[in-house]
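Visitor: Just dropping this structure here.
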Amino acid sequence: MLPKKVEEILNRQILREDYSSQLYLSMASWAEAQGYEGVSGWLYAQTEEERMHMLKLVRYVNEREGKAVIPGIETPPAEFGDVFELFDKVLEHEKFITGSFNEIIAVCIAENDFTTQSWLQWYVTEQVEEEAAVRAIIDKLRLLGKHNLYMFDRDILSMRGTGQAGTTA
Ligand code: FEO
């Protein structure tokens, strides 16, 4: 049985993962409309990953005799400036999610829920990989510069599914 506080904060995370999925979907759609095939492909894949993260949490909460709450979510932004700003926002969001997991783990420890704490290690590792992957993309983007965005877009095309970026989001 999940401690109430753990159940509540895991439900908060279900909402945040769901929002992540919608945020990346909005980014993917924006990038596609701008003609960035590679960038949009990468973001569409992230959308699926985030949905998987959300579902994994839903299943876990229910499995531990809690009650997963399926959230209504706020509309994500629809404008992202340029590709540079977009990936800065992806990194900023992922850092926020990392912080969010740290908060959950602190609650697990306070509530002596070491089972959930251990289960969450998968997400902790994911976040480390994910932040590193987005940083690598930002580095590449800055190296290529704004005159080589076509090349960048071709390059990220081969990272689709995030395997080469070293992440599963
Ligand atoms: Fe599911 Fe990228 O956090």
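If you're wondering about the labels, chains in the structure tokens are A, B, ... by order shown, residues count from 1 in each chain, ligands from 1 in order shown.
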Around ligand 1, which protein and nucleic acid residues have at least one atom no more than 6 Å from it, if we count only C-alpha atoms and all ligand atoms? List them as an MDAnalysis selection string.
Guide: chainID A and resid 17 50 53 94 97 169
Visitor: Once you have the residues from the selection above, write them out as a PDB file, in the first residue's frame, restricted to N, CA and C atoms.
Guide:
```
ATOM      1  N   GLU A  17       4.265  14.331 -16.439  1.00  0.00           N
ATOM      2  CA  GLU A  17       4.705  13.538 -17.588  1.00  0.00           C
ATOM      3  C   GLU A  17       3.735  13.712 -18.754  1.00  0.00           C
ATOM      4  N   GLU A  50       7.410  10.298 -23.357  1.00  0.00           N
ATOM      5  CA  GLU A  50       6.810  10.916 -22.168  1.00  0.00           C
ATOM      6  C   GLU A  50       5.473  10.268 -21.827  1.00  0.00           C
ATOM      7  N   HIS A  53       6.302   7.240 -20.009  1.00  0.00           N
ATOM      8  CA  HIS A  53       6.664   7.551 -18.616  1.00  0.00           C
ATOM      9  C   HIS A  53       5.413   7.747 -17.765  1.00  0.00           C
ATOM     10  N   GLU A  94      13.341  19.610 -18.869  1.00  0.00           N
ATOM     11  CA  GLU A  94      13.875  18.354 -18.331  1.00  0.00           C
ATOM     12  C   GLU A  94      14.539  18.559 -16.966  1.00  0.00           C
ATOM     13  N   ILE A  97      11.825  18.539 -14.533  1.00  0.00           N
ATOM     14  CA  ILE A  97      11.358  17.167 -14.267  1.00  0.00           C
ATOM     15  C   ILE A  97      12.346  16.427 -13.356  1.00  0.00           C
ATOM     16  N   ALA A 169      14.458   9.429 -23.167  1.00  0.00           N
ATOM     17  CA  ALA A 169      13.636  10.545 -22.700  1.00  0.00           C
ATOM     18  C   ALA A 169      13.005  10.278 -21.364  1.00  0.00           C
TER      19      ALA A 169
END
```
Visitor: As a PyMOL selection string, which residues of segment 34-169 of chain A does DSSP assign to helix (DSSP H, G or I)?
Guide: chain A and resi 37-63+83-110+114-119+121-144+146-157
Visitor: From the list A:Val61, A:Val83, A:Met52, A:Leu15, which residue is nearest Ala31 of chain A when using only C-alpha atoms?
Guide: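 Answer, going by the shortest atom-to-atom distance: A:Val83.
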Visitor: Near segment 112-127 of chain A, within 12 Å and counting only C-alpha atoms, which residues show up once chain neighbours fewer than 6 positions away are dropped, as an NGL selection string?
Guide: :A and (1-7 or 9-10 or 13 or 17 or 49-50 or 52-54 or 56-57 or 60-61 or 63-64 or 91 or 93-106 or 133-134 or 162 or 166-169)
Visitor: Counting only C-alpha atoms, what is within 10 Å of segment 142-150 of chain A, bar same-chain residues fewer than 5 positions away, as JSON, numbers by chain?
Guide: {"A": [35, 36, 37, 38, 82, 83, 84, 136, 137, 155]}
